[in-house]
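Chemist: Please read through the structure below; I'll follow up with questions.
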Amino acid sequence: MESQTQFNNSHHSLPLIDFTTENLNPGSDSWVSASQVVRTALCDHGGFLALYDEVDSEVYDSVYSAMEQLFDLPVETKRKSTTEKPIFSYSGQLSRIPLYESVGIVDPLSVDQCQKFTHIMWPQGNDHFCESVNSYAKKLQGLDHVVKRMLFESYGLENKKLECLLDSTDYVLRGYKYRTPKVGESNLGVAPHSDTAFLTILNQKVEGLEVKLKNGEWFEVGVSSSLYLVMGGDALQVWSNDRIPACEHRVLVNSKIDRYSTGLLSYVNNIMEPQEELVDEKNPLCYKPFDHYGYLRSFSQKKL
Ligand SMILES: O=C(O)CCC(=O)C(=O)O
Ligand SMILES: [Fe+2]
């Protein structure tokens, strides 16, 4: 362990970074210093907590009530496939993690795609669902863009590179539901894993989410409408040439009520390879170029 760690308690908790309005001004001093904290947190733990107050309580409550309605639908309905992309729509009824269920809405920034998904789930229509999901996804995309912009800037990468990445990004908004364990059943919601995504932004309505810190301890994420866990996934690890480890996390269901959480995940619809600027003598090239979707196809659901 490095000698300075005893003076630096960031190894014992996940850094909390303020993304409320003041810091969201590109180029300002607070933006520049927040960018450095973003990069250090990602390199240390693969993630950090974001204080982000752009999601007002109306949108927040409506997205969670929309998710409750969605999970109340029959499993056959939730399983109806809505995408050709290997970003799975429904996942659940898995014997290893019986408490877990998740549904993904692909391209939730597009009203048309939200309507398409809503129509498959509710042929009679459900405007509340469609509007809530679309507004929530737009707010989370705001945070996603800020984090990526800060990261690129902190490495001194050209804006063109960021635009190129954002242009080839596909988003999925995921809702998660965990029922409470029955007597004698394990409380494991999801076993420790990293996401296959580039970046994941998660919020939880009920506690249970934990992140593995650099020192190996599990850190419990708090519950608030303005608290988001930002995590680098496998694709960011490759992009960063192993400077940013994919964030390991798990869910334990300790509550007496069903647990709901939501997240915006981004994937790269392109060939991924380490940024050449991040390859040097100290950090020799770790990966060959890879196709993010090819990688996801090879995974199927076995990662969960
Ligand atoms: O429910 C959560 O908070 C996280 C779920 C998760 O990590 C996953 O499904 O990949
Ligand atoms: Fe995950």
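Following the order of the structure tokens, first chain is A, next is B, and so on, with residues numbered from 1 inside each chain and ligands from 1 in the order they appear.
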If you count only C-alpha atoms and all ligand atoms, which residues end up within 9 Å of ligand 1, as a PyMOL selection string?
Modeler: chain A and resi 91+100-102+174-178+189-196+200+202-210+229+248-251+259-263+303-304
Chemist: Could you pull the residues within 9 Å of Val55 in chain A, counting only C-alpha atoms, minus those fewer than 2 positions along the same chain, as a list in words?
Modeler: Tyr52, Asp53, Ser57, Glu58, Val59, Tyr60, Ser135, Tyr136, Lys139, Leu140, Ser225 and Ser226 of chain A
Chemist: How would the residues just chosen look if you wrote them out with C-alpha atoms as a PDB file, in the first residue's frame?
Modeler:
ATOM      1  CA  TYR A  52     -27.178  15.801  -8.650  1.00  0.00           C
ATOM      2  CA  ASP A  53     -30.380  17.741  -8.106  1.00  0.00           C
ATOM      3  CA  SER A  57     -39.375  15.154  -7.051  1.00  0.00           C
ATOM      4  CA  GLU A  58     -42.260  14.936  -9.500  1.00  0.00           C
ATOM      5  CA  VAL A  59     -40.166  13.185 -12.160  1.00  0.00           C
ATOM      6  CA  TYR A  60     -38.451  11.050  -9.523  1.00  0.00           C
ATOM      7  CA  SER A 135     -37.939  12.855 -18.811  1.00  0.00           C
ATOM      8  CA  TYR A 136     -35.919  10.892 -16.272  1.00  0.00           C
ATOM      9  CA  LYS A 139     -31.919  14.239 -16.799  1.00  0.00           C
ATOM     10  CA  LEU A 140     -29.574  11.304 -16.256  1.00  0.00           C
ATOM     11  CA  SER A 225     -33.430  11.401  -5.044  1.00  0.00           C
ATOM     12  CA  SER A 226     -30.302  13.505  -5.549  1.00  0.00           C
TER      13      SER A 226
END
Chemist: What does the distance between CA of Asp29 in chain A and CA of Leu16 in chain A come to in Å, to one decimal place?
Modeler: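 Separation between CA of Asp29 in chain A and CA of Leu16 in chain A: 17.9 Å.
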Chemist: Identify, with DSSP run on backbone atoms, the residues in range 20-211 of chain A assigned to strand (DSSP E or B), and express the list as a PyMOL selection string.
Modeler: chain A and resi 47-51+90-94+97-106+169-178+188-193+199-204+209-211
Chemist: Could you pull the residues within 9 Å of range 161-169 of chain A, counting only C-alpha atoms, minus those fewer than 3 positions along the same chain, as a list in words?
Modeler: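 Counting only C-alpha atoms, the residues come to His145, Lys148, Arg149, Phe152, Leu157, Glu158, Ser266, Tyr267, Val268, Asn269 and Asn270 of chain A.
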